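*Asks:* Contents of input.cif (mmCIF, C-alpha atoms) are below:
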```
data_query
loop_
_atom_site.label_atom_id
_atom_site.label_comp_id
_atom_site.auth_asym_id
_atom_site.auth_seq_id
_atom_site.Cartn_x
_atom_site.Cartn_y
_atom_site.Cartn_z
CA MET A 186 56.48 178.23 99.16
CA LYS A 187 54.93 181.44 100.34
CA GLY A 188 56.45 183.34 103.23
CA PRO A 189 54.57 185.42 105.83
CA LEU A 190 53.40 188.91 104.87
CA PHE A 191 55.37 191.99 105.84
CA TYR A 192 53.70 195.38 105.70
CA ALA A 193 54.63 198.81 104.47
CA LYS A 194 55.31 201.50 107.05
CA ILE A 195 54.65 205.20 107.39
CA LEU A 196 56.93 207.49 109.36
CA LEU A 197 54.24 209.88 110.59
CA PHE A 198 56.72 212.23 112.22
CA GLY A 199 60.48 212.52 112.40
CA GLU A 200 61.68 212.44 108.77
CA TYR A 201 65.28 213.74 108.69
CA GLY A 202 65.04 214.60 112.39
CA ILE A 203 65.68 210.98 113.40
CA ILE A 204 68.98 211.06 111.48
CA LYS A 205 69.97 213.76 113.95
CA ASP A 206 68.56 212.08 117.03
CA SER A 207 65.19 213.77 117.50
CA LYS A 208 61.88 212.00 118.07
CA GLY A 209 59.93 210.02 115.52
CA LEU A 210 56.79 207.91 115.25
CA ALA A 211 56.42 205.09 112.70
CA ILE A 212 53.30 203.01 112.13
CA PRO A 213 52.67 199.87 110.02
CA TYR A 214 50.55 200.49 106.92
CA ASN A 215 48.89 197.23 105.96
CA THR A 216 47.32 198.45 102.71
CA TYR A 217 50.58 197.34 101.08
CA GLN A 218 52.58 194.21 101.82
CA GLY A 219 55.14 191.77 100.47
CA ALA A 220 56.11 188.11 100.87
CA LEU A 221 58.83 185.77 99.63
CA LYS A 222 57.55 183.40 96.95
CA LYS A 223 58.97 180.78 94.61
CA SER A 224 58.02 179.99 91.06
CA GLU A 225 59.45 178.07 88.12
CA GLU A 226 57.99 180.58 85.67
CA LEU A 227 59.11 184.07 86.59
CA SER A 228 57.45 187.23 85.28
CA GLU A 229 59.68 190.14 84.31
CA ALA A 230 59.19 191.82 87.70
CA ALA A 231 59.86 188.55 89.54
CA GLN A 232 63.06 188.02 87.50
CA LYS A 233 64.25 191.48 88.47
CA SER A 234 63.52 190.74 92.12
CA ASN A 235 65.30 187.36 91.89
CA LEU A 236 68.38 189.09 90.45
CA SER A 237 68.30 191.66 93.23
CA LEU A 238 68.14 188.83 95.81
CA GLN A 239 71.27 187.29 94.26
CA LYS A 240 73.14 190.58 94.79
CA PHE A 241 71.74 190.82 98.31
CA TYR A 242 72.99 187.29 99.00
CA ASN A 243 76.54 188.38 98.05
CA TYR A 244 76.21 191.41 100.30
CA LEU A 245 75.09 189.24 103.25
CA LEU A 246 78.15 187.01 102.77
CA ASN A 247 80.28 190.00 103.74
CA LEU A 248 77.94 191.06 106.52
CA GLU A 249 78.36 187.64 108.17
CA LYS A 250 82.02 188.48 108.80
CA GLN A 251 80.95 191.12 111.31
CA ASP A 252 79.68 188.39 113.64
CA LEU A 253 76.57 190.33 114.52
CA VAL A 254 74.10 187.97 112.88
CA HIS A 255 74.28 184.57 111.17
CA PHE A 256 72.11 183.57 108.26
CA ARG A 257 71.51 180.15 106.72
CA LEU A 258 73.00 181.45 103.51
CA ASN A 259 73.28 178.08 101.77
CA GLU A 260 69.53 177.66 102.13
CA PHE A 261 69.03 181.24 100.88
CA LYS A 262 71.22 180.55 97.83
CA VAL A 263 69.33 177.36 96.94
CA ASP A 264 65.98 179.16 97.23
CA ILE A 265 67.21 181.94 94.92
CA GLU A 266 68.39 179.34 92.38
CA GLU A 267 64.95 177.72 92.58
CA GLY A 268 63.24 180.97 91.53
CA MET A 269 62.57 182.82 94.78
CA TYR A 270 61.52 186.46 94.53
CA PHE A 271 59.88 189.09 96.71
CA ASP A 272 56.26 189.51 95.65
CA SER A 273 55.30 192.97 96.83
CA SER A 274 52.52 195.50 96.34
CA ILE A 275 54.57 198.15 98.20
CA PRO A 276 55.42 200.95 95.76
CA GLN A 277 59.17 201.53 95.45
CA GLY A 278 60.60 205.01 95.93
CA TYR A 279 57.45 206.14 97.73
CA GLY A 280 58.70 206.48 101.30
CA VAL A 281 56.61 203.59 102.64
CA GLY A 282 59.36 201.06 103.23
CA SER A 283 59.52 198.69 100.26
CA SER A 284 63.10 197.61 101.01
CA GLY A 285 62.28 197.48 104.73
CA ALA A 286 59.66 194.78 104.17
CA LEU A 287 62.10 192.76 102.05
CA VAL A 288 64.84 192.99 104.70
CA ALA A 289 62.36 191.94 107.40
CA SER A 290 61.26 188.90 105.38
CA ILE A 291 64.86 187.75 104.74
CA TYR A 292 65.79 188.11 108.41
CA ASP A 293 62.62 186.28 109.45
CA LYS A 294 63.28 183.35 107.13
CA TYR A 295 67.05 182.89 107.26
CA ALA A 296 68.49 184.36 110.46
CA ASP A 297 69.70 181.95 113.13
CA ASP A 298 68.75 182.78 116.75
CA LYS A 299 66.44 185.52 115.54
CA ILE A 300 64.78 187.91 117.95
CA THR A 301 61.02 187.47 117.64
CA VAL A 302 58.03 189.67 118.38
CA LEU A 303 56.70 187.02 120.78
CA GLU A 304 59.49 187.43 123.33
CA ASN A 305 59.96 190.21 125.85
CA LEU A 306 61.24 193.01 123.63
CA THR A 307 63.73 194.75 125.88
CA ARG A 308 65.36 197.99 124.76
CA ASP A 309 68.61 196.10 124.12
CA LYS A 310 66.87 193.58 121.85
CA LEU A 311 65.15 196.35 119.90
CA LEU A 312 68.44 198.20 119.44
CA LYS A 313 70.20 195.03 118.35
CA LEU A 314 67.47 194.32 115.79
CA LYS A 315 67.58 197.92 114.56
CA HIS A 316 71.36 197.70 114.19
CA ILE A 317 71.18 194.42 112.22
CA PHE A 318 68.45 195.87 110.00
CA SER A 319 70.36 199.09 109.41
CA LEU A 320 73.36 197.09 108.14
CA MET A 321 71.15 194.87 105.99
CA GLU A 322 69.16 197.76 104.50
CA SER A 323 72.30 199.80 103.75
CA PHE A 324 72.60 197.53 100.71
CA PHE A 325 69.61 199.37 99.22
CA HIS A 326 70.10 202.94 100.45
CA GLY A 327 73.78 203.48 101.21
CA LYS A 328 72.78 204.56 104.75
CA SER A 329 69.82 203.26 106.69
CA SER A 330 68.51 203.82 110.21
CA GLY A 331 67.08 200.27 110.24
CA LEU A 332 63.74 201.65 111.33
CA ASP A 333 61.69 200.63 108.25
CA PRO A 334 62.58 196.92 108.51
CA LEU A 335 62.09 197.05 112.29
CA ASN A 336 58.60 198.45 111.89
CA SER A 337 57.75 195.94 109.18
CA TYR A 338 59.20 193.01 111.14
CA LEU A 339 57.43 193.79 114.42
CA SER A 340 54.26 195.17 112.78
CA LEU A 341 53.85 197.55 115.72
CA PRO A 342 53.88 201.34 116.00
CA ILE A 343 57.33 202.42 117.18
CA LEU A 344 58.15 205.54 119.13
CA ILE A 345 61.69 206.79 118.55
CA ASN A 346 62.81 208.85 121.54
CA SER A 347 66.39 209.05 120.28
CA LYS A 348 68.81 206.91 118.30
CA ASP A 349 69.41 204.62 121.28
CA ASN A 350 65.98 204.71 122.79
CA LEU A 351 62.97 203.22 121.04
CA GLU A 352 59.88 201.45 122.24
CA PRO A 353 56.80 199.78 120.80
CA THR A 354 53.84 202.04 121.50
CA GLY A 355 50.07 202.08 121.25
CA ILE A 356 48.22 204.63 119.15
CA PRO A 357 44.64 205.77 119.86
CA SER A 358 42.09 203.61 118.05
CA GLN A 359 40.57 205.20 114.97
CA LYS A 360 37.39 207.21 115.42
CA GLU A 361 34.57 207.67 112.98
CA GLY A 362 35.28 211.39 112.84
CA LYS A 363 35.73 213.76 109.91
CA GLY A 364 39.45 214.24 110.43
CA ALA A 365 42.11 212.12 108.78
CA VAL A 366 45.72 211.44 108.04
CA PHE A 367 46.07 210.73 104.33
CA LEU A 368 48.63 210.07 101.62
CA LEU A 369 48.83 212.21 98.50
CA ASP A 370 50.40 210.47 95.52
CA SER A 371 52.94 212.74 93.78
CA GLU A 372 53.15 210.17 90.95
CA ILE A 373 56.91 210.80 90.93
CA ILE A 374 59.36 208.13 92.07
CA GLY A 375 61.61 209.50 94.81
CA GLU A 376 65.24 208.46 95.30
CA THR A 377 66.28 208.31 98.95
CA ALA A 378 70.06 208.66 98.57
CA PRO A 379 70.13 212.03 96.68
CA MET A 380 67.68 213.55 99.20
CA ILE A 381 69.82 212.43 102.15
CA ASN A 382 72.86 213.95 100.39
CA ILE A 383 71.05 217.31 100.04
CA PHE A 384 70.15 217.12 103.73
CA MET A 385 73.75 216.32 104.79
CA GLU A 386 74.98 219.23 102.70
CA LYS A 387 72.45 221.56 104.39
CA MET A 388 73.60 220.28 107.80
CA LYS A 389 76.94 222.03 107.22
CA ASN A 390 75.07 225.31 107.56
CA GLU A 391 74.83 226.53 111.15
CA GLY A 392 71.47 228.26 110.58
CA PHE A 393 69.97 225.06 109.20
CA ARG A 394 71.26 223.02 112.16
CA LYS A 395 69.79 225.58 114.57
CA MET A 396 66.41 225.40 112.77
CA LEU A 397 66.47 221.60 112.96
CA ASN A 398 67.36 221.47 116.65
CA GLU A 399 64.90 224.15 117.62
CA ASP A 400 61.87 224.70 115.37
CA PHE A 401 61.73 221.36 113.55
CA ALA A 402 62.37 219.21 116.64
CA LYS A 403 60.01 221.27 118.82
CA HIS A 404 57.06 220.94 116.43
CA THR A 405 57.80 217.27 115.67
CA ASP A 406 57.90 216.38 119.38
CA ALA A 407 54.65 218.28 119.99
CA CYS A 408 52.93 216.51 117.06
CA ILE A 409 53.95 213.09 118.39
CA GLU A 410 52.74 213.94 121.89
CA ASP A 411 49.39 215.20 120.50
CA PHE A 412 48.92 212.20 118.22
CA LEU A 413 49.61 209.64 120.96
CA THR A 414 47.29 211.38 123.43
CA GLY A 415 44.57 211.96 120.81
CA ASN A 416 44.63 215.75 121.16
CA VAL A 417 43.41 216.54 117.62
CA LYS A 418 43.01 220.32 117.94
CA SER A 419 46.55 220.80 119.21
CA LEU A 420 47.86 218.20 116.71
CA LEU A 421 46.53 220.12 113.72
CA SER A 422 47.93 223.39 115.03
CA ASN A 423 51.38 221.81 115.48
CA VAL A 424 51.26 220.05 112.09
CA LYS A 425 50.54 223.47 110.55
CA GLN A 426 53.71 224.89 112.14
CA LEU A 427 55.69 221.86 111.00
CA SER A 428 54.30 222.21 107.47
CA LYS A 429 55.50 225.84 107.38
CA VAL A 430 58.99 224.95 108.63
CA VAL A 431 59.30 222.18 106.01
CA LEU A 432 58.11 224.41 103.16
CA VAL A 433 60.73 227.05 103.99
CA ASN A 434 63.67 224.78 104.89
CA PHE A 435 63.15 221.56 102.92
CA LYS A 436 62.05 222.98 99.55
CA PRO A 437 64.34 220.73 97.45
CA MET A 438 62.64 217.67 99.02
CA ILE A 439 59.17 218.83 97.91
CA PRO A 440 58.49 218.25 94.20
CA LYS A 441 58.15 221.72 92.57
CA THR A 442 54.63 221.05 91.29
CA PHE A 443 53.43 220.68 94.90
CA HIS A 444 54.81 223.93 96.37
CA LYS A 445 51.60 225.78 95.48
CA ILE A 446 49.08 223.32 97.01
CA TRP A 447 51.38 222.96 100.07
CA LYS A 448 51.18 226.73 100.63
CA LYS A 449 47.44 226.78 99.87
CA GLY A 450 46.79 224.24 102.63
CA ILE A 451 48.62 226.36 105.21
CA GLU A 452 46.86 229.57 104.13
CA SER A 453 43.34 228.09 103.97
CA ASN A 454 43.71 225.77 107.01
CA ASP A 455 41.82 223.12 105.00
CA TYR A 456 44.71 220.63 105.18
CA TYR A 457 48.43 220.56 106.01
CA LEU A 458 51.09 218.66 104.11
CA LYS A 459 54.40 217.23 105.27
CA LEU A 460 57.10 214.93 103.95
CA CYS A 461 56.58 211.18 104.03
CA GLY A 462 60.04 209.67 104.23
CA SER A 463 62.84 211.48 102.45
CA GLY A 464 60.65 213.29 99.91
CA GLY A 465 61.69 214.09 96.36
CA GLY A 466 58.59 212.26 95.13
CA GLY A 467 56.58 209.29 96.28
CA TYR A 468 53.89 210.07 98.83
CA ILE A 469 53.29 213.31 100.67
CA LEU A 470 51.53 213.04 104.05
CA GLY A 471 48.45 215.13 104.73
CA PHE A 472 46.45 216.02 107.85
CA THR A 473 42.96 217.46 107.75
CA GLU A 474 40.00 217.96 110.07
CA ASP A 475 37.58 217.39 107.19
CA PHE A 476 38.68 214.64 104.85
CA GLU A 477 35.60 214.85 102.58
CA LYS A 478 36.18 218.56 102.00
CA THR A 479 39.90 217.98 101.36
CA LYS A 480 39.07 215.27 98.81
CA THR A 481 36.96 217.81 96.92
CA ILE A 482 39.67 220.49 97.09
CA LEU A 483 42.36 218.05 95.96
CA LYS A 484 40.13 216.20 93.49
CA ASP A 485 42.86 216.26 90.81
CA TYR A 486 45.16 214.15 93.00
CA LYS A 487 45.11 210.57 94.23
CA LEU A 488 44.53 210.44 97.98
CA GLU A 489 44.67 207.40 100.26
CA LEU A 490 43.21 207.28 103.75
CA VAL A 491 45.67 206.22 106.46
CA TYR A 492 43.98 206.98 109.76
CA ARG A 493 40.72 208.59 110.91
CA PHE A 494 40.26 210.79 113.96
#
```
What would you get if you wrote out this structure as structure tokens?
*Replies:*
Amino acid sequence: MKGPLFYAKILLFGEYGIIKDSKGLAIPYNTYQGALKKSEELSEAAQKSNLSLQKFYNYLLNLEKQDLVHFRLNEFKVDIEEGMYFDSSIPQGYGVGSSGALVASIYDKYADDKITVLENLTRDKLLKLKHIFSLMESFFHGKSSGLDPLNSYLSLPILINSKDNLEPTGIPSQKEGKGAVFLLDSEIIGETAPMINIFMEKMKNEGFRKMLNEDFAKHTDACIEDFLTGNVKSLLSNVKQLSKVVLVNFKPMIPKTFHKIWKKGIESNDYYLKLCGSGGGGYILGFTEDFEKTKTILKDYKLELVYRF
């Protein structure tokens, strides 16, 4: 048995903002993927995954009582007993949706009457899927928007207009230009839950809420608009503003060792950094108009190309 592949995702824009109903843009990232597999001989990692699936099975038993979605749980249980695990290359704690791909694969394999990518994806169907996924993924994070599994399941870029308004979208095809969106590996594993807690604590402060609703949302919305229309010059200028806002207001989410190169990017205009997911470690997202030059400047770090423009 080998299930279909589900990809990682990158939330290009909207981290934290989407919790508070501002815009976001998520894209599939097919460099990393995962699939359900079965084996009689389990490696240590596969055993760990198998154990995690057993706990997830117990969690889904309770979820069934909500009558939102029905799973063939007996079949799921038998597969787990026969050595099923999630074989994934998606790094965990890196903000690229490792649990999202797992949730998508379980829904795909075991949900009855599942909504599929082949049908007409109305707004209502998308919201229903997102709601199911948010409940499923809460097992891993304590609180989930459901967006990571949705992106992984549909394997389409998704534009989040607000909590109750999302749509699949097209992004401009990649150009053979010098500019790029890239990932910078912090080589630190990030924990989502503590970062969200810091954010919720900050939300009690009126000044922070004002900054989020005004500066953060304004620059995020402008970045999304620029990215979707392929306006690179304006995009980089707006990402710079966003990078500044994040450095000032989201410092605890940026690993300390990266504060200096974050600031250096803004001051030199060679590249701009922003959070990828909840921060605290994992990947940091970068935007540059000259990727080769940026690779030289950041030669001590591991960079991965995401998108060229």
*Asks:* So what do you get for atom CA of A:Leu351 versus atom CA of A:Asp400, distance-wise?
*Replies:*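 Separation between atom CA of A:Leu351 and atom CA of A:Asp400: 22.2 Å.
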*Asks:* Apply the PyMOL selection byres ((chain A and resi 385) around 12) to the structure shown and report the selected residues as a count of residues only.
*Replies:* 20
*Asks:* Could you list the residues chosen by the PyMOL selection byres ((chain A and resi 254-258) around 8) in this structure as a list of chain:residue names?
*Replies:*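 Applied to this file, the PyMOL selection byres ((chain A and resi 254-258) around 8) returns A:Tyr242, A:Leu246, A:Glu249, A:Gln251, A:Asp252, A:Leu253, A:Asn259, A:Glu260, A:Phe261, A:Lys262, A:Tyr292, A:Tyr295, A:Ala296, A:Asp297, A:Ile317.
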*Asks:* Write a file of the just-selected residues containing C-alpha atoms, as a short mmCIF file (atom, residue, chain, number, x, y, z; two decimals), in the coordinates of the input.
*Replies:*
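Written file, selection.cif:
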```cif
data_model
loop_
_atom_site.label_atom_id
_atom_site.label_comp_id
_atom_site.auth_asym_id
_atom_site.auth_seq_id
_atom_site.Cartn_x
_atom_site.Cartn_y
_atom_site.Cartn_z
CA TYR A 242 72.99 187.29 99.00
CA LEU A 246 78.15 187.01 102.77
CA GLU A 249 78.36 187.64 108.17
CA GLN A 251 80.95 191.12 111.31
CA ASP A 252 79.68 188.39 113.64
CA LEU A 253 76.57 190.33 114.52
CA ASN A 259 73.28 178.08 101.77
CA GLU A 260 69.53 177.66 102.13
CA PHE A 261 69.03 181.24 100.88
CA LYS A 262 71.22 180.55 97.83
CA TYR A 292 65.79 188.11 108.41
CA TYR A 295 67.05 182.89 107.26
CA ALA A 296 68.49 184.36 110.46
CA ASP A 297 69.70 181.95 113.13
CA ILE A 317 71.18 194.42 112.22
#
```
*Asks:* Since I can't run it myself right now, could you work out what the PyMOL selection byres ((chain A and resi 211) around 7) selects here and report it as a list of chain:residue names?
*Replies:*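 Applied to this file, the PyMOL selection byres ((chain A and resi 211) around 7) returns A:Lys194, A:Ile195, A:Leu196, A:Leu197, A:Gly209, A:Leu210, A:Ile212, A:Pro213, A:Pro342, A:Ile343, A:Leu344.
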*Asks:* Skipping near chain neighbours, those fewer than 4 positions away, what residues fall within 9 Å of A:Pro440 using only C-alpha atoms, listed as a VMD selection string?
*Replies:* chain A and resid 371 373 436 444 464 to 466
*Asks:* Could you list as a PyMOL selection string every residue that has an atom within 10 Å of (46.8, 224.1, 104.7), using the file's coordinates and counting all atoms listed in the file?
*Replies:* chain A and resi 421+424-425+428-429+446-458+471-473+479
*Asks:* As an exercise, work out the distance from atom CA of A:Lys240 to atom CA of A:Leu312 in Å and give it to one decimal place.
*Replies:* 26.2 Å
*Asks:* Would you pick out the contacts of A:Ser234 at 7 Å or less, using all atoms listed in the file, so that residues sharing its chain but fewer than 3 positions from it are not included, and give the list as number ranges by chain?
*Replies:* A: 230-231, 237-238, 270-271
*Asks:* Nearest residue to A:Met438 out of A:Glu200, A:Tyr486, A:Leu320, A:Gly285, using all atoms listed in the file?
*Replies:*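 Using all atoms listed in the file, A:Met438 sits closest to A:Glu200.
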*Asks:* Mind pulling up the distance from atom CA of A:Ala220 to atom CA of A:Phe324?
*Replies:* 19.0 Å
*Asks:* What's the 8 Å shell around A:Gly415, counting all atoms listed in the file, without same-chain residues fewer than 3 positions away, as a list in words?
*Replies:*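 The residues satisfying every condition are Pro357, Asp411 and Phe412 of chain A.
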*Asks:* Give me the residues within 10 Å of A:Phe318 as a PDB file with C-alpha atoms, keeping the file's coordinate frame, counting only C-alpha atoms and dropping any in the same chain fewer than 6 places off.
*Replies:*
```pdb
ATOM      1  CA  GLY A 285      62.280 197.480 104.730  1.00  0.00           C
ATOM      2  CA  VAL A 288      64.840 192.990 104.700  1.00  0.00           C
ATOM      3  CA  ALA A 289      62.360 191.940 107.400  1.00  0.00           C
ATOM      4  CA  TYR A 292      65.790 188.110 108.410  1.00  0.00           C
ATOM      5  CA  LEU A 312      68.440 198.200 119.440  1.00  0.00           C
ATOM      6  CA  SER A 329      69.820 203.260 106.690  1.00  0.00           C
ATOM      7  CA  SER A 330      68.510 203.820 110.210  1.00  0.00           C
ATOM      8  CA  GLY A 331      67.080 200.270 110.240  1.00  0.00           C
ATOM      9  CA  LEU A 332      63.740 201.650 111.330  1.00  0.00           C
ATOM     10  CA  ASP A 333      61.690 200.630 108.250  1.00  0.00           C
ATOM     11  CA  PRO A 334      62.580 196.920 108.510  1.00  0.00           C
ATOM     12  CA  LEU A 335      62.090 197.050 112.290  1.00  0.00           C
ATOM     13  CA  TYR A 338      59.200 193.010 111.140  1.00  0.00           C
TER      14      TYR A 338
END
```
*Asks:* As a list in words, please: the residues near A:Leu369 (cut-off 7 Å, all atoms listed in the file, same-chain neighbours under 6 positions excluded).
*Replies:*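 Selected residues are Tyr468, Ile469, Leu470, Gly471, Tyr486, Lys487, Leu488 and Glu489 of chain A.
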*Asks:* For a quick check of understanding, using all atoms listed in the file, which of A:Lys315, A:Ile265, A:Gly364, A:Phe401 has the smallest distance to A:Gln239?
*Replies:*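 Counting all atoms listed in the file, the residue closest to A:Gln239 is A:Ile265.
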*Asks:* Counting all atoms listed in the file, note down every residue that has an atom within 6 Å of the point (39.2, 210.4, 114.3) (file coordinates), as a JSON list (two decimals) with C-alpha atoms, in the frame of the given file.
*Replies:*
```json
[["chain", "number", "residue", "atom", "x", "y", "z"],
["A", 359, "GLN", "CA", 40.57, 205.20, 114.97],
["A", 360, "LYS", "CA", 37.39, 207.21, 115.42],
["A", 361, "GLU", "CA", 34.57, 207.67, 112.98],
["A", 362, "GLY", "CA", 35.28, 211.39, 112.84],
["A", 364, "GLY", "CA", 39.45, 214.24, 110.43],
["A", 493, "ARG", "CA", 40.72, 208.59, 110.91],
["A", 494, "PHE", "CA", 40.26, 210.79, 113.96]]
```
*Asks:* Once 6 Å is added on each side, what are the centre and the three edge lengths, in Å to one decimal, of the axis-aligned box enclosing the listed atoms of stretch 352-360 of chain A? Present them as AutoDock Vina command-line options.
*Replies:*
```
--center_x 48.6 --center_y 203.5 --center_z 118.6 --size_x 34.5 --size_y 19.4 --size_z 19.3
```
*Asks:* Name the closest residue to A:Lys233 among the candidates A:Met269, A:Glu322, A:Phe198, A:Met186; distances are taken between atoms, counting all atoms listed in the file.
*Replies:*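 The shortest atom-to-atom distance to A:Lys233 comes from A:Met269.
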*Asks:* Kindly indicate which residue among A:Thr405, A:Asn434, A:Asn350, A:Thr414 lies nearest to A:Gly199, using only C-alpha atoms for the distances.
*Replies:*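 Nearest to A:Gly199: A:Thr405.
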